[in-house]
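Working notes, beginning with the structure itself.
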Amino acid sequence: MDLTSETAALVALLRAGQRPARVYSELVEDAGSAFAILQDEQGLLAGQLHEAAATELAHWTDQGMRVLTVLHPDYPENLRAVHDRPPLIFVAGALEPSDARSVAVIGTRKPTAAGVASARAIAEHLVQSNYTVASGLASGIDTTAHTAALSNQGRTIAVIGTGLHRSYPAENAPLQREITDKCAVISQFWPDATPTRQSFPLRNAVMSGLALATVVVEATRTSGARIQARLALAHGRPVLLAESLLEQQWASEFAARPGTHVFHTPAEVVGIVERLTSADALVA
């Protein structure tokens with residue numbers, strides 16, 4: 001069965017199946033076929049479900065989206081290496097081979113002026129060293145990281161917590177379109193999915209999996225950036241914390257964990273990342 005049919009089979013599985021999505025990642029990879037799992041789970045209904053999913057997939061393709069499953073050769077290798085990889089991702093725009101050198105730059109939605117300046121400088125240094133800047137398209141630090149990468153003619157990837165048809169926050173819709181036009185926006189959610197409390201931690205897991213490392217510029221104990229830092233360590237990916245964060249208990253505790261590194265200036269970030277990672281996909 002060709003890749004398009006296998007993609008439709010996985011869409012059908014996720015639409016009709018009762019298991020957690022990441023379970024299907026393992027089942028499909030082990031079997032080497034989504035359609036085989038679909039037939040096993042749905043029996044005589046498999047053909048009908050597959051046909052409906054194929055129609056849905058064609059509609060998404062007509063809208064300019066790519067749907068990459070864990071069986072697709074273009075599924076990002078960094079993400080493929082982590083245990084909680086999603087079975088499929090939706091991509092608006094285009095991923096490039098160089099995006100394997102992605103570094104996530106994240107932080108609070110309400111940064112200080114110093115935090116904004118630091119995020120901008122970090123993104124600029126990363127772009128100058130041929131890294132792709134990944135972030136979550138949220139207000140604040142995320143927005144600064146994306147815009148700094150674009151303004152320096154660099155690559156940036158937005159990993160969002162909604163479907164590709166949505167923009168959250170709404171004021172970042174123009175930025176989302178610009179990133180789509182010039183780079184790539186990624187979502188693991190159905191295109192019309194709205195934001196939920198659960199979707200953003202899932203988004204953080206995908207961003208951590210895509211990136212060689214996660215850089216936290218400013219964040220509080222309740223921030224999604226803290227969640228991503230925890231997930232990155234679980235993925236075996238390094239976490240870089242700004243020294244100013246150590247005033248907070250959560251950050252000082254993180255700094256003591258293996259895999260966490262503290263940076264003092266934006267210029268240090270590239271050196272730390274280059275020392276800890278390679279251009280090749282990591283193996284978690």
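Residue numbering restarts at 1 in every chain; chains get A, B, ... in the order shown in the structure tokens, and ligands count up from 1 in that same order.
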
Contacts of Gln128 of chain A at 10 Å (only C-alpha atoms; same-chain gap of 2+ positions) as a PDB file with N, CA, C and O atoms, in the first residue's frame:
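Produced file selection.pdb, reproduced below:
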ATOM      1  N   ILE A 122      19.331  35.645  21.673  1.00  0.00           N
ATOM      2  CA  ILE A 122      19.542  34.195  21.556  1.00  0.00           C
ATOM      3  C   ILE A 122      19.141  33.718  20.168  1.00  0.00           C
ATOM      4  O   ILE A 122      19.876  32.970  19.511  1.00  0.00           O
ATOM      5  N   ALA A 123      17.967  34.152  19.711  1.00  0.00           N
ATOM      6  CA  ALA A 123      17.512  33.749  18.371  1.00  0.00           C
ATOM      7  C   ALA A 123      18.475  34.225  17.302  1.00  0.00           C
ATOM      8  O   ALA A 123      18.790  33.488  16.346  1.00  0.00           O
ATOM      9  N   GLU A 124      18.979  35.436  17.430  1.00  0.00           N
ATOM     10  CA  GLU A 124      19.927  35.967  16.449  1.00  0.00           C
ATOM     11  C   GLU A 124      21.207  35.145  16.419  1.00  0.00           C
ATOM     12  O   GLU A 124      21.716  34.802  15.345  1.00  0.00           O
ATOM     13  N   HIS A 125      21.737  34.804  17.596  1.00  0.00           N
ATOM     14  CA  HIS A 125      22.964  34.000  17.656  1.00  0.00           C
ATOM     15  C   HIS A 125      22.733  32.619  17.049  1.00  0.00           C
ATOM     16  O   HIS A 125      23.603  32.095  16.331  1.00  0.00           O
ATOM     17  N   LEU A 126      21.583  32.019  17.321  1.00  0.00           N
ATOM     18  CA  LEU A 126      21.293  30.698  16.771  1.00  0.00           C
ATOM     19  C   LEU A 126      21.208  30.731  15.248  1.00  0.00           C
ATOM     20  O   LEU A 126      21.774  29.871  14.558  1.00  0.00           O
ATOM     21  N   ASN A 130      23.457  28.929  12.029  1.00  0.00           N
ATOM     22  CA  ASN A 130      22.720  27.987  11.166  1.00  0.00           C
ATOM     23  C   ASN A 130      21.842  27.006  11.943  1.00  0.00           C
ATOM     24  O   ASN A 130      21.663  25.860  11.512  1.00  0.00           O
ATOM     25  N   TYR A 131      21.305  27.459  13.050  1.00  0.00           N
ATOM     26  CA  TYR A 131      20.284  26.686  13.751  1.00  0.00           C
ATOM     27  C   TYR A 131      18.906  27.224  13.385  1.00  0.00           C
ATOM     28  O   TYR A 131      18.747  28.417  13.085  1.00  0.00           O
ATOM     29  N   THR A 132      17.930  26.351  13.407  1.00  0.00           N
ATOM     30  CA  THR A 132      16.535  26.749  13.263  1.00  0.00           C
ATOM     31  C   THR A 132      15.972  27.041  14.649  1.00  0.00           C
ATOM     32  O   THR A 132      16.207  26.269  15.584  1.00  0.00           O
ATOM     33  N   ALA A 149      14.178  35.513  14.504  1.00  0.00           N
ATOM     34  CA  ALA A 149      14.713  34.594  13.501  1.00  0.00           C
ATOM     35  C   ALA A 149      14.347  35.055  12.093  1.00  0.00           C
ATOM     36  O   ALA A 149      15.190  35.081  11.188  1.00  0.00           O
ATOM     37  N   ASN A 152      16.175  38.114  10.813  1.00  0.00           N
ATOM     38  CA  ASN A 152      17.583  37.851  10.497  1.00  0.00           C
ATOM     39  C   ASN A 152      17.730  36.814   9.380  1.00  0.00           C
ATOM     40  O   ASN A 152      18.776  36.187   9.245  1.00  0.00           O
ATOM     41  N   GLN A 153      16.641  36.651   8.584  1.00  0.00           N
ATOM     42  CA  GLN A 153      16.622  35.746   7.434  1.00  0.00           C
ATOM     43  C   GLN A 153      16.948  34.300   7.821  1.00  0.00           C
ATOM     44  O   GLN A 153      17.586  33.554   7.074  1.00  0.00           O
ATOM     45  N   GLY A 154      16.508  33.928   9.020  1.00  0.00           N
ATOM     46  CA  GLY A 154      16.756  32.571   9.485  1.00  0.00           C
ATOM     47  C   GLY A 154      15.515  31.702   9.419  1.00  0.00           C
ATOM     48  O   GLY A 154      14.418  32.161   9.064  1.00  0.00           O
ATOM     49  N   VAL A 270      24.832  29.234  22.032  1.00  0.00           N
ATOM     50  CA  VAL A 270      25.304  28.471  20.872  1.00  0.00           C
ATOM     51  C   VAL A 270      26.458  27.565  21.266  1.00  0.00           C
ATOM     52  O   VAL A 270      26.504  26.385  20.871  1.00  0.00           O
TER      53      VAL A 270
END

- prompt: When DSSP works through the backbone of this structure, what residues of segment 135-250 of chain A end up as strand (DSSP E), shown as a PyMOL selection string?
  reply: chain A and resi 135+156-159+184-187+213-216+239-242

field: segment 253-261 of chain A environment, 12 Å, only C-alpha atoms, sequence neighbours closer than 4 positions dropped, as number ranges by chain
entry: A: 213-216, 221, 226-249, 268-269, 271-273, 275-277

Restrict the calculation to only C-alpha atoms, then for each residue of segment 25-138 of chain A with any atom at most 10 Å from an atom of segment 199-204 of chain A give the closest atom pair and their distance in Å to one decimal, rows by chain and rising residue number, as a tab-separated table.
residue	atom	partner	partner_atom	distance
A:Asp84	CA	A:Leu202	CA	9.3
A:Arg85	CA	A:Leu202	CA	9.8
A:Pro86	CA	A:Leu202	CA	9.1
A:Ala104	CA	A:Asn204	CA	9.8
A:Ile106	CA	A:Asn204	CA	9.8
A:Ser135	CA	A:Asn204	CA	9.1
A:Gly136	CA	A:Asn204	CA	7.8

- prompt: Quick one: distance from atom CA of Leu164 of chain A to atom CA of Pro73 of chain A in Å, one decimal?
  reply: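 For atom CA of Leu164 of chain A relative to atom CA of Pro73 of chain A, the distance reads 21.7 Å.
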
message: Can you pull out the residues contacting segment 182-185 of chain A? Cut-off 12 Å, using only C-alpha atoms, and skip same-chain residues under 3 positions away; I want them as a ChimeraX atom specification.
response: /A:64-66,89-99,132-137,146-147,149-151,153-167,173,175-179,188,191,203,207

message: I'd like to know which residues of segment 69-154 of chain A are alpha helix (DSSP H) (by DSSP, run on the backbone); could you write them as number ranges by chain?
response: A: 77-80, 113-128, 141-151

Tell me which protein, DNA and RNA residues are within 9 Å of Pro76 of chain A, counting only C-alpha atoms, leaving out same-chain ones fewer than 2 positions away, and put them as a PDB file with N, CA, C and O atoms, in the first residue's frame.
ATOM      1  N   LEU A  68       2.198  14.045   7.843  1.00  0.00           N
ATOM      2  CA  LEU A  68       3.334  13.140   7.920  1.00  0.00           C
ATOM      3  C   LEU A  68       3.113  12.146   9.058  1.00  0.00           C
ATOM      4  O   LEU A  68       2.971  12.545  10.216  1.00  0.00           O
ATOM      5  N   VAL A  70       4.290   8.493  11.197  1.00  0.00           N
ATOM      6  CA  VAL A  70       5.545   7.880  11.643  1.00  0.00           C
ATOM      7  C   VAL A  70       6.121   6.935  10.596  1.00  0.00           C
ATOM      8  O   VAL A  70       7.294   6.553  10.689  1.00  0.00           O
ATOM      9  N   PRO A  73       8.853   8.910   5.295  1.00  0.00           N
ATOM     10  CA  PRO A  73      10.292   9.217   5.379  1.00  0.00           C
ATOM     11  C   PRO A  73      10.586  10.665   5.756  1.00  0.00           C
ATOM     12  O   PRO A  73      11.692  10.966   6.229  1.00  0.00           O
ATOM     13  N   ASP A  74       9.631  11.580   5.573  1.00  0.00           N
ATOM     14  CA  ASP A  74       9.858  12.986   5.915  1.00  0.00           C
ATOM     15  C   ASP A  74       9.445  13.331   7.349  1.00  0.00           C
ATOM     16  O   ASP A  74       9.596  14.489   7.762  1.00  0.00           O
ATOM     17  N   ASN A  78      14.366  13.726  14.604  1.00  0.00           N
ATOM     18  CA  ASN A  78      14.491  14.053  16.029  1.00  0.00           C
ATOM     19  C   ASN A  78      13.233  13.652  16.789  1.00  0.00           C
ATOM     20  O   ASN A  78      13.297  13.083  17.889  1.00  0.00           O
ATOM     21  N   LEU A  79      12.080  13.955  16.207  1.00  0.00           N
ATOM     22  CA  LEU A  79      10.811  13.640  16.850  1.00  0.00           C
ATOM     23  C   LEU A  79      10.563  12.142  16.875  1.00  0.00           C
ATOM     24  O   LEU A  79      10.049  11.593  17.846  1.00  0.00           O
ATOM     25  N   ARG A  80      10.948  11.465  15.811  1.00  0.00           N
ATOM     26  CA  ARG A  80      10.756  10.012  15.740  1.00  0.00           C
ATOM     27  C   ARG A  80      11.491   9.293  16.874  1.00  0.00           C
ATOM     28  O   ARG A  80      11.111   8.193  17.284  1.00  0.00           O
ATOM     29  N   ALA A  81      12.547   9.911  17.390  1.00  0.00           N
ATOM     30  CA  ALA A  81      13.393   9.250  18.380  1.00  0.00           C
ATOM     31  C   ALA A  81      12.828   9.279  19.797  1.00  0.00           C
ATOM     32  O   ALA A  81      13.362   8.603  20.675  1.00  0.00           O
ATOM     33  N   LEU A  95       9.113  21.921   5.760  1.00  0.00           N
ATOM     34  CA  LEU A  95      10.268  21.585   6.584  1.00  0.00           C
ATOM     35  C   LEU A  95      11.471  21.377   5.681  1.00  0.00           C
ATOM     36  O   LEU A  95      11.352  20.898   4.554  1.00  0.00           O
ATOM     37  N   PRO A  97      15.692  19.894   5.487  1.00  0.00           N
ATOM     38  CA  PRO A  97      16.637  19.016   6.179  1.00  0.00           C
ATOM     39  C   PRO A  97      17.429  19.735   7.272  1.00  0.00           C
ATOM     40  O   PRO A  97      17.742  19.151   8.315  1.00  0.00           O
ATOM     41  N   ASP A  99      16.405  21.748   9.324  1.00  0.00           N
ATOM     42  CA  ASP A  99      15.610  21.922  10.542  1.00  0.00           C
ATOM     43  C   ASP A  99      15.899  20.850  11.586  1.00  0.00           C
ATOM     44  O   ASP A  99      15.427  20.939  12.718  1.00  0.00           O
ATOM     45  N   ALA A 100      16.686  19.838  11.209  1.00  0.00           N
ATOM     46  CA  ALA A 100      17.166  18.885  12.217  1.00  0.00           C
ATOM     47  C   ALA A 100      18.030  19.611  13.256  1.00  0.00           C
ATOM     48  O   ALA A 100      18.171  19.147  14.388  1.00  0.00           O
ATOM     49  N   LEU A 210      11.233  17.680  18.678  1.00  0.00           N
ATOM     50  CA  LEU A 210      11.794  18.220  17.439  1.00  0.00           C
ATOM     51  C   LEU A 210      13.163  18.861  17.649  1.00  0.00           C
ATOM     52  O   LEU A 210      14.005  18.850  16.752  1.00  0.00           O
ATOM     53  N   ALA A 281      20.262  13.684  14.106  1.00  0.00           N
ATOM     54  CA  ALA A 281      19.148  13.477  15.025  1.00  0.00           C
ATOM     55  C   ALA A 281      19.651  12.735  16.261  1.00  0.00           C
ATOM     56  O   ALA A 281      20.471  11.827  16.179  1.00  0.00           O
TER      57      ALA A 281
END

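The interatomic distance for the pair atom CA of Thr144 of chain A and atom CA of Pro195 of chain A works out to 21.2 Å.
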
task: For segment 41-49 of chain A, please output as a PyMOL selection string all residues within 12 Å (counting only C-alpha atoms; exclusion window: fewer than 3 positions along the same chain).
output: chain A and resi 5+8-19+24+27+34-38+52-56

Dump of C-alpha atoms for the selected residues, as an mmCIF file, in the first residue's frame:
data_model
loop_
_atom_site.group_PDB
_atom_site.id
_atom_site.type_symbol
_atom_site.label_atom_id
_atom_site.label_comp_id
_atom_site.auth_asym_id
_atom_site.auth_seq_id
_atom_site.Cartn_x
_atom_site.Cartn_y
_atom_site.Cartn_z
ATOM 1 C CA SER A 5 -3.193 5.123 1.537
ATOM 2 C CA ALA A 8 -5.417 7.654 5.290
ATOM 3 C CA ALA A 9 -5.429 4.381 7.235
ATOM 4 C CA LEU A 10 -3.744 6.050 10.194
ATOM 5 C CA VAL A 11 -6.204 8.949 10.072
ATOM 6 C CA ALA A 12 -9.023 6.384 10.139
ATOM 7 C CA LEU A 13 -7.412 4.605 13.082
ATOM 8 C CA LEU A 14 -7.125 7.805 15.088
ATOM 9 C CA ARG A 15 -10.675 8.855 14.231
ATOM 10 C CA ALA A 16 -12.220 5.495 15.183
ATOM 11 C CA GLY A 17 -9.743 3.959 17.617
ATOM 12 C CA GLN A 18 -10.055 3.804 21.379
ATOM 13 C CA ARG A 19 -6.385 3.778 22.320
ATOM 14 C CA TYR A 24 -0.821 3.834 17.677
ATOM 15 C CA LEU A 27 1.607 -0.346 16.861
ATOM 16 C CA ALA A 34 -1.439 1.401 9.533
ATOM 17 C CA PHE A 35 -3.923 -0.405 7.298
ATOM 18 C CA ALA A 36 -3.044 -3.742 8.879
ATOM 19 C CA ILE A 37 -3.857 -2.347 12.332
ATOM 20 C CA LEU A 38 -7.037 -0.748 10.983
ATOM 21 C CA ALA A 52 -13.804 8.436 4.464
ATOM 22 C CA ALA A 53 -10.306 9.209 5.777
ATOM 23 C CA ALA A 54 -8.903 9.304 2.239
ATOM 24 C CA THR A 55 -11.488 11.941 1.301
ATOM 25 C CA GLU A 56 -10.572 13.954 4.389
#
